[in-house]
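**Student:** Shown below is the structure under consideration.
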Amino acid sequence: MLKIAKLSLLSLALAGTPMVVTLVAPTQAEAQAFSALRQAIAEASSTEEQLAAFYRERDFQPIWTTAEAADRRNALFSALSEASNHGLPTQRYDADALRAAFEGATNPYMMGQADVQASLLFLQYAQDVHSGFLEPGDIVGDIVHTLPRRDPLELFTEFVSANPYDYIGTLPPQHPEYTRLMRAKLHLENLIDQGGYGPTVQAGSLAPGATGNAVVQLRNRLMAMGYLERSATATYGARLQQAVVEFQIDNGITPDGVAGSATIQAVNRSASEHLSEVILAMERQRWLNFDRGERHIFVNLPDFHTRVIDDGEVTFITRSVIGSAASDRRTPEFSDTMEHMVINPSWYVPRSIARGYIPSILAGGANHLQLMANGRPVNRANVDWSRVSAGNFPFDLRQPPGPRNALGLVKFMFPNQWNIYLHDSPDQHLMTHEVRAYSAGCVRLDDPFELAYHLLAAQEADPINFFHTVLDSRRETQVNLQTPIPVHLVYWTSWVDTEGRLNFRNDIYGRNAELRRAIRNLGVEIRGVNS
C-alpha cells in the first residue's frame, strides 16, 4: 500500500510534485486514510454504473489525484481549454470547479471525490467530442442515426493505459472533412472579429453588364468570401461573373453567372450564419464518427446527390430526388447496408399512398395497379364492388414491372423499417430542377443504370451485359451484392470540399433551424450571435 503524504492536491494537479512513496508497512492511520479514499471513490462513482465498474476493477484506486497522474490531469485541462475549437458547449466542462476540487483535496476523502469529479468531466467531454453533444433524435424525429457512443468502461480502460495527450487527440473525428471544418470555423471567427463580409447587396437581382453601388456591394462580399481578388471595379464584368459562378456552385445554385434572387439571398447570409452552419456540421460529423466503409454510398439529402465513395474518393455521382417537405414524406437520416438490387421491380404501394388511389379504383380506374390479397393477385371482375368502400377497402395495391413503374426499372435495397431505398424513376424530367424534393421518402436516381453497372463491376466480368440480360427478361429479379455496401443518408447543409471550398445548401426540411436552437440553448458560442 502507498504511504500518502499529507499535502494539498493543488501542487500535484498543477505542478506535478512527486508524492512521498515508501515501501514500509502502513500505519493504522494510513490504512484508515486509504480506506477513506476508496470509500469516497466508491460513493462518488456509484451514479455512473460503468465508471463504478471501472474503479471497482482497480480496487477503487485513484487515476487523477496521484503524482504520476500529472500528465493525465494536464492533458484533460488542455483538452477542456480547446473545447470551443470543436464547437462544443463549453459551460458543460467546468475546469475551474475541477481545479478548485483538486486544490481543496487536502484529505483522502476529498481526494477521492475530486478523482471521480475529474472522471465524470472527462467522460462528458470524451463522449461529446467523439459522438456529439446532442441527442438529435429527441429534437428531430427524422434523425435516426445510431450515435457511436463509446462504452465508458472501455473508454477509461484504454485511457489509463495510453499516453493521455495522444488518446484524447484520437477522440474527435479523424476524417479530413472534420479537420477542414475546424479550419473554416477559425477562419470565420477571425473574419467576424474583423467585421464580417461587409454591407449586404441592396438589389433583388444583378446581371452581367450592371454598374453601380449594388455591384460594388456584391463585389466586396465575394472578395470577403474569397471568390474574388481585390478589385475597384463597379461593373459586373467577366471576372465578377466567374466569381458568381463559383459561388453558385458552392451553394447548390444553377451556375449561370447571373446574380438572381436565390444568389443574392445566399450572398447576403452573414458570416455568423455561416459559422453556425459550420458548427452544426461539425456536430453532424461526430454522429458519423465510425468506420463508414472503404466503399460506401453517401446520400446528402439537401445536396440532392448520391455518391459512391471508394477509399475516400468519389467514384460515382448522380443527381437525386428526395422526399418532399411534407411532414410525412421527408427522407429520414440513417445508416444501413445495401444487400441487393431488384431489376424489373414491382411497386407495392404503401398504405399512405394507396389511400389516394382508392376513389379512382372504386370508380373503375387506376388500372395500372393490381389488387392483391394475401400476396396473391385478385381479378377485379370477381370483386363484389357493392360491398367495398373507401372505409373497408380490403386490398393491397401492386404495380407490376414495366417502364412506367413508379420505381422505374431497378431499385437498390437496404432493408429498413422506413421502407426507404434508392431507385430509378419514370419522372426523369424532375432531375433538371434545382431543388429536387418530390418523392414520398425514397431516393430517386438520375443515373440508376450507371449505378448498377458501377456496383456490379465488383462481381461481374461484364456488368453492363449482365444487367441488360436480366433487364431484357422483363422478370422481376433480385441480384445479391456479394459484398454488401454501407449506405449513409445524411443532411449536410455545410461542408468543406477537398479543394478547401466552403459549401452551403438550403435547410429544406427545417431540421437545422431546430438543431441550432438546441445548441444555442446549451450555450454553444457562435461568434457574432451570442458572444
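Please note that chains go A, B, ... in the order of the C-alpha cells, that every chain numbers its residues from 1, and that ligands are numbered from 1 in the order shown.
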What are the DSSP alpha helix (DSSP H) residues of range 250-454 of chain A, as a VMD selection string?

**Tutor:** chain A and resid 250 261 to 267 271 to 287 351 to 362 448 to 454

**Student:** Just the strand (DSSP E) stuff from range 202-365 of chain A, please, per backbone DSSP, written as a ChimeraX atom specification.

**Tutor:** /A:295-300,305-310,313-323,334-343,347-348

**Student:** Just the selected residues (N, CA, C and O atoms), exported as a compact mmCIF listing (two decimals), in the first residue's frame, please.

**Tutor:**
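See result.txt below for the written result:
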```txt
# COMPACT_ATOMS: atom_id res chain seq x y z
N ARG A 295 -15.67 1.21 -49.10
CA ARG A 295 -16.63 1.59 -50.15
C ARG A 295 -17.96 1.82 -49.46
O ARG A 295 -18.43 0.99 -48.68
N HIS A 296 -18.56 2.97 -49.72
CA HIS A 296 -19.88 3.22 -49.18
C HIS A 296 -20.65 4.16 -50.11
O HIS A 296 -20.07 4.83 -50.97
N ILE A 297 -21.95 4.18 -49.91
CA ILE A 297 -22.83 5.07 -50.68
C ILE A 297 -23.25 6.19 -49.76
O ILE A 297 -23.67 5.96 -48.61
N PHE A 298 -23.13 7.40 -50.26
CA PHE A 298 -23.34 8.59 -49.44
C PHE A 298 -24.40 9.45 -50.12
O PHE A 298 -24.21 9.93 -51.23
N VAL A 299 -25.53 9.61 -49.45
CA VAL A 299 -26.64 10.41 -49.97
C VAL A 299 -26.78 11.65 -49.11
O VAL A 299 -27.22 11.56 -47.96
N ASN A 300 -26.37 12.80 -49.64
CA ASN A 300 -26.55 14.06 -48.92
C ASN A 300 -27.86 14.67 -49.37
O ASN A 300 -27.97 15.19 -50.48
N HIS A 305 -27.80 14.79 -54.23
CA HIS A 305 -26.87 13.95 -54.97
C HIS A 305 -26.59 12.67 -54.19
O HIS A 305 -26.63 12.65 -52.95
N THR A 306 -26.32 11.62 -54.94
CA THR A 306 -25.89 10.34 -54.37
C THR A 306 -24.50 10.04 -54.92
O THR A 306 -24.25 10.17 -56.12
N ARG A 307 -23.61 9.62 -54.03
CA ARG A 307 -22.23 9.35 -54.41
C ARG A 307 -21.81 7.96 -53.95
O ARG A 307 -22.28 7.48 -52.91
N VAL A 308 -20.92 7.36 -54.70
CA VAL A 308 -20.21 6.17 -54.22
C VAL A 308 -18.80 6.62 -53.87
O VAL A 308 -18.12 7.28 -54.67
N ILE A 309 -18.37 6.27 -52.67
CA ILE A 309 -17.06 6.66 -52.17
C ILE A 309 -16.20 5.41 -52.05
O ILE A 309 -16.60 4.44 -51.40
N ASP A 310 -15.04 5.42 -52.68
CA ASP A 310 -14.08 4.32 -52.57
C ASP A 310 -12.78 4.86 -52.02
O ASP A 310 -12.13 5.71 -52.65
N GLU A 313 -12.40 8.56 -52.07
CA GLU A 313 -12.54 9.25 -53.35
C GLU A 313 -13.93 8.99 -53.93
O GLU A 313 -14.45 7.88 -53.86
N VAL A 314 -14.52 10.03 -54.52
CA VAL A 314 -15.81 9.87 -55.19
C VAL A 314 -15.59 9.17 -56.53
O VAL A 314 -14.89 9.69 -57.40
N THR A 315 -16.17 7.99 -56.68
CA THR A 315 -16.00 7.23 -57.93
C THR A 315 -17.27 7.22 -58.77
O THR A 315 -17.24 6.76 -59.91
N PHE A 316 -18.36 7.71 -58.19
CA PHE A 316 -19.61 7.79 -58.94
C PHE A 316 -20.48 8.85 -58.28
O PHE A 316 -20.52 8.97 -57.06
N ILE A 317 -21.17 9.63 -59.11
CA ILE A 317 -22.08 10.65 -58.58
C ILE A 317 -23.26 10.79 -59.52
O ILE A 317 -23.12 10.71 -60.74
N THR A 318 -24.45 10.96 -58.95
CA THR A 318 -25.64 11.18 -59.75
C THR A 318 -26.59 12.10 -59.00
O THR A 318 -26.60 12.12 -57.76
N ARG A 319 -27.38 12.84 -59.74
CA ARG A 319 -28.40 13.68 -59.12
C ARG A 319 -29.50 12.80 -58.54
O ARG A 319 -29.75 11.70 -59.01
N SER A 320 -30.17 13.35 -57.52
CA SER A 320 -31.19 12.58 -56.81
C SER A 320 -32.41 13.45 -56.55
O SER A 320 -32.32 14.67 -56.43
N VAL A 321 -33.54 12.79 -56.45
CA VAL A 321 -34.77 13.37 -55.92
C VAL A 321 -34.99 12.76 -54.55
O VAL A 321 -34.81 11.55 -54.36
N ILE A 322 -35.36 13.58 -53.57
CA ILE A 322 -35.58 13.09 -52.21
C ILE A 322 -37.03 13.34 -51.81
O ILE A 322 -37.82 13.89 -52.57
N GLY A 323 -37.38 12.96 -50.58
CA GLY A 323 -38.73 13.15 -50.08
C GLY A 323 -39.13 14.62 -50.07
O GLY A 323 -38.30 15.50 -49.84
N PHE A 334 -30.25 8.17 -41.71
CA PHE A 334 -29.82 6.95 -41.03
C PHE A 334 -28.76 6.26 -41.85
O PHE A 334 -28.48 6.65 -43.00
N SER A 335 -28.15 5.25 -41.28
CA SER A 335 -27.17 4.42 -41.97
C SER A 335 -27.68 2.98 -41.99
O SER A 335 -28.30 2.52 -41.02
N ASP A 336 -27.40 2.29 -43.08
CA ASP A 336 -27.80 0.90 -43.20
C ASP A 336 -26.85 0.22 -44.18
O ASP A 336 -25.81 0.80 -44.53
N THR A 337 -27.19 -0.96 -44.63
CA THR A 337 -26.31 -1.71 -45.53
C THR A 337 -27.09 -2.20 -46.73
O THR A 337 -28.10 -2.90 -46.59
N MET A 338 -26.62 -1.83 -47.93
CA MET A 338 -27.25 -2.29 -49.16
C MET A 338 -26.87 -3.75 -49.40
O MET A 338 -25.70 -4.08 -49.45
N GLU A 339 -27.88 -4.58 -49.58
CA GLU A 339 -27.66 -6.02 -49.71
C GLU A 339 -27.91 -6.53 -51.12
O GLU A 339 -27.31 -7.52 -51.54
N HIS A 340 -28.82 -5.89 -51.85
CA HIS A 340 -29.15 -6.39 -53.17
C HIS A 340 -29.81 -5.30 -54.00
O HIS A 340 -30.18 -4.24 -53.48
N MET A 341 -29.95 -5.58 -55.28
CA MET A 341 -30.75 -4.74 -56.16
C MET A 341 -31.84 -5.61 -56.77
O MET A 341 -31.70 -6.84 -56.85
N VAL A 342 -32.92 -4.98 -57.18
CA VAL A 342 -34.01 -5.69 -57.85
C VAL A 342 -34.17 -5.06 -59.22
O VAL A 342 -34.44 -3.86 -59.34
N ILE A 343 -34.00 -5.88 -60.26
CA ILE A 343 -34.17 -5.43 -61.64
C ILE A 343 -35.57 -5.81 -62.09
O ILE A 343 -36.05 -6.90 -61.80
N TRP A 347 -43.89 -2.43 -57.72
CA TRP A 347 -44.08 -1.40 -56.68
C TRP A 347 -45.26 -1.81 -55.82
O TRP A 347 -46.40 -1.88 -56.29
N TYR A 348 -44.98 -2.12 -54.58
CA TYR A 348 -46.03 -2.42 -53.62
C TYR A 348 -46.38 -1.10 -52.94
O TYR A 348 -45.61 -0.56 -52.16
```

**Student:** Can you pull out the residues contacting range 372-389 of chain A? Cut-off 12 Å, using only C-alpha atoms, and skip same-chain residues under 3 positions away; I want them as a count of residues only.

**Tutor:** 24

**Student:** I need the residue nearest Ala354 in chain A from this list: A:Ala325, A:Ala440, A:Leu422, A:Val160. Use only C-alpha atoms for the distance.

**Tutor:**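 Of A:Ala325, A:Ala440, A:Leu422, A:Val160, the one nearest Ala354 in chain A is A:Ala440, counting only C-alpha atoms.
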
**Student:** Quick one, how far is CA of Gln217 in chain A from CA of Leu240 in chain A?

**Tutor:**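 Computed distance, CA of Gln217 in chain A to CA of Leu240 in chain A, equals 11.7 Å.
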
**Student:** Tell me, as JSON, numbers by chain, which residues lie within 9 Å of Tyr165 in chain A, counting only C-alpha atoms; anything in the same chain fewer than 2 positions away does not count.

**Tutor:** {"A": [71, 72, 74, 75, 76, 78, 79, 162, 163, 167, 168, 169, 170]}

**Student:** Determine the nearest neighbour of Ile139 in chain A from the options A:Glu525, A:Glu294, A:Glu514, A:Asp59, counting only C-alpha atoms.

**Tutor:**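 Ranked by minimum distance to Ile139 in chain A, first place goes to A:Glu514.
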
**Student:** Do you know which residues are at most 9 Å from range 224-229 of chain A counting only C-alpha atoms, after dropping those on the same chain fewer than 6 positions away, and could you put them as a list in words?

**Tutor:**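 Returned residues: Leu191, Gly196, Tyr197, Gly198, Arg239, Leu240, Gln242, Ala243, Val244, Glu246, Phe247 and Ala271 of chain A.
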
**Student:** Just to be explicit: take each residue in the selection above, keep all heavy atoms, and write the result as a tab-separated table (two decimals), in the first residue's frame.

**Tutor:**
```tsv
chain	number	residue	atom	x	y	z
A	191	LEU	N	-12.79	36.35	-39.27
A	191	LEU	CA	-13.45	37.26	-40.19
A	191	LEU	C	-14.52	38.08	-39.47
A	191	LEU	O	-14.67	39.29	-39.69
A	191	LEU	CB	-14.07	36.46	-41.34
A	191	LEU	CG	-14.55	37.24	-42.57
A	191	LEU	CD1	-13.37	37.93	-43.25
A	191	LEU	CD2	-15.22	36.28	-43.55
A	196	GLY	N	-16.86	40.91	-40.54
A	196	GLY	CA	-17.67	40.04	-41.39
A	196	GLY	C	-17.49	40.34	-42.86
A	196	GLY	O	-16.43	40.78	-43.31
A	197	TYR	N	-18.56	40.13	-43.64
A	197	TYR	CA	-18.49	40.26	-45.08
A	197	TYR	C	-18.78	41.67	-45.58
A	197	TYR	O	-18.69	41.93	-46.77
A	197	TYR	CB	-19.50	39.32	-45.75
A	197	TYR	CG	-19.28	37.85	-45.50
A	197	TYR	CD1	-20.36	37.00	-45.26
A	197	TYR	CD2	-17.99	37.29	-45.51
A	197	TYR	CE1	-20.18	35.63	-45.05
A	197	TYR	CE2	-17.81	35.94	-45.30
A	197	TYR	CZ	-18.90	35.12	-45.06
A	197	TYR	OH	-18.72	33.77	-44.86
A	198	GLY	N	-19.16	42.56	-44.66
A	198	GLY	CA	-19.46	43.92	-45.09
A	198	GLY	C	-20.93	44.11	-45.41
A	198	GLY	O	-21.76	43.21	-45.21
A	239	ARG	N	-14.89	38.91	-64.87
A	239	ARG	CA	-14.29	38.30	-63.67
A	239	ARG	C	-15.30	38.20	-62.53
A	239	ARG	O	-15.33	37.20	-61.83
A	239	ARG	CB	-13.06	39.13	-63.23
A	239	ARG	CG	-12.33	38.51	-62.04
A	239	ARG	CD	-11.78	37.14	-62.36
A	239	ARG	NE	-11.39	36.38	-61.17
A	239	ARG	CZ	-12.16	35.51	-60.53
A	239	ARG	NH1	-13.40	35.25	-60.99
A	239	ARG	NH2	-11.74	34.87	-59.47
A	240	LEU	N	-16.12	39.22	-62.35
A	240	LEU	CA	-17.16	39.14	-61.33
A	240	LEU	C	-18.17	38.06	-61.68
A	240	LEU	O	-18.64	37.32	-60.80
A	240	LEU	CB	-17.85	40.50	-61.19
A	240	LEU	CG	-18.96	40.59	-60.12
A	240	LEU	CD1	-18.45	40.16	-58.75
A	240	LEU	CD2	-19.53	42.01	-60.07
A	242	GLN	N	-17.54	35.28	-63.28
A	242	GLN	CA	-16.93	34.00	-62.95
A	242	GLN	C	-16.96	33.74	-61.46
A	242	GLN	O	-17.19	32.60	-61.02
A	242	GLN	CB	-15.49	33.95	-63.47
A	242	GLN	CG	-14.77	32.64	-63.20
A	242	GLN	CD	-15.47	31.44	-63.80
A	242	GLN	OE1	-16.05	31.54	-64.89
A	242	GLN	NE2	-15.43	30.31	-63.11
A	243	ALA	N	-16.75	34.80	-60.67
A	243	ALA	CA	-16.82	34.65	-59.21
A	243	ALA	C	-18.22	34.25	-58.78
A	243	ALA	O	-18.40	33.42	-57.87
A	243	ALA	CB	-16.40	35.95	-58.54
A	244	VAL	N	-19.23	34.81	-59.43
A	244	VAL	CA	-20.62	34.45	-59.13
A	244	VAL	C	-20.86	32.98	-59.47
A	244	VAL	O	-21.51	32.25	-58.71
A	244	VAL	CB	-21.60	35.37	-59.89
A	244	VAL	CG1	-23.02	34.83	-59.80
A	244	VAL	CG2	-21.54	36.79	-59.32
A	246	GLU	N	-18.69	30.53	-59.47
A	246	GLU	CA	-18.03	29.70	-58.45
A	246	GLU	C	-18.83	29.71	-57.15
A	246	GLU	O	-18.99	28.66	-56.49
A	246	GLU	CB	-16.61	30.21	-58.21
A	246	GLU	CG	-15.69	30.04	-59.42
A	246	GLU	CD	-14.34	30.70	-59.24
A	246	GLU	OE1	-14.06	31.17	-58.12
A	246	GLU	OE2	-13.57	30.76	-60.21
A	247	PHE	N	-19.34	30.87	-56.79
A	247	PHE	CA	-20.17	30.96	-55.58
A	247	PHE	C	-21.44	30.12	-55.74
A	247	PHE	O	-21.85	29.41	-54.81
A	247	PHE	CB	-20.54	32.42	-55.31
A	247	PHE	CG	-21.48	32.61	-54.16
A	247	PHE	CD1	-21.01	32.69	-52.86
A	247	PHE	CD2	-22.86	32.69	-54.38
A	247	PHE	CE1	-21.89	32.84	-51.79
A	247	PHE	CE2	-23.75	32.84	-53.32
A	247	PHE	CZ	-23.25	32.92	-52.02
A	271	ALA	N	-21.64	36.18	-42.01
A	271	ALA	CA	-20.57	35.27	-41.59
A	271	ALA	C	-20.97	34.51	-40.33
A	271	ALA	O	-20.59	33.36	-40.14
A	271	ALA	CB	-19.28	36.07	-41.35
```

**Student:** Point out the residue among A:Gly212, A:Gly523, A:Gly112, A:Gly528 with the least atom-to-atom distance to Ser270 in chain A, counting only C-alpha atoms.

**Tutor:**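 Checking each candidate against Ser270 in chain A, we get A:Gly528 as the closest.
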
**Student:** Env of Leu522 in chain A: 12 Å cut, atoms = only C-alpha atoms, seq-sep filter 3 positions within chain, self excluded. Answer as a list in words.

**Tutor:**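 After dropping sequence-adjacent residues, the list is Gly87, Leu88, Pro89, Thr90, Gln91, Arg92, Tyr93, Phe133, Leu134, Leu515, Arg516, Arg517, Ala518, Ile519, Glu525, Ile526 and Asn530 of chain A.
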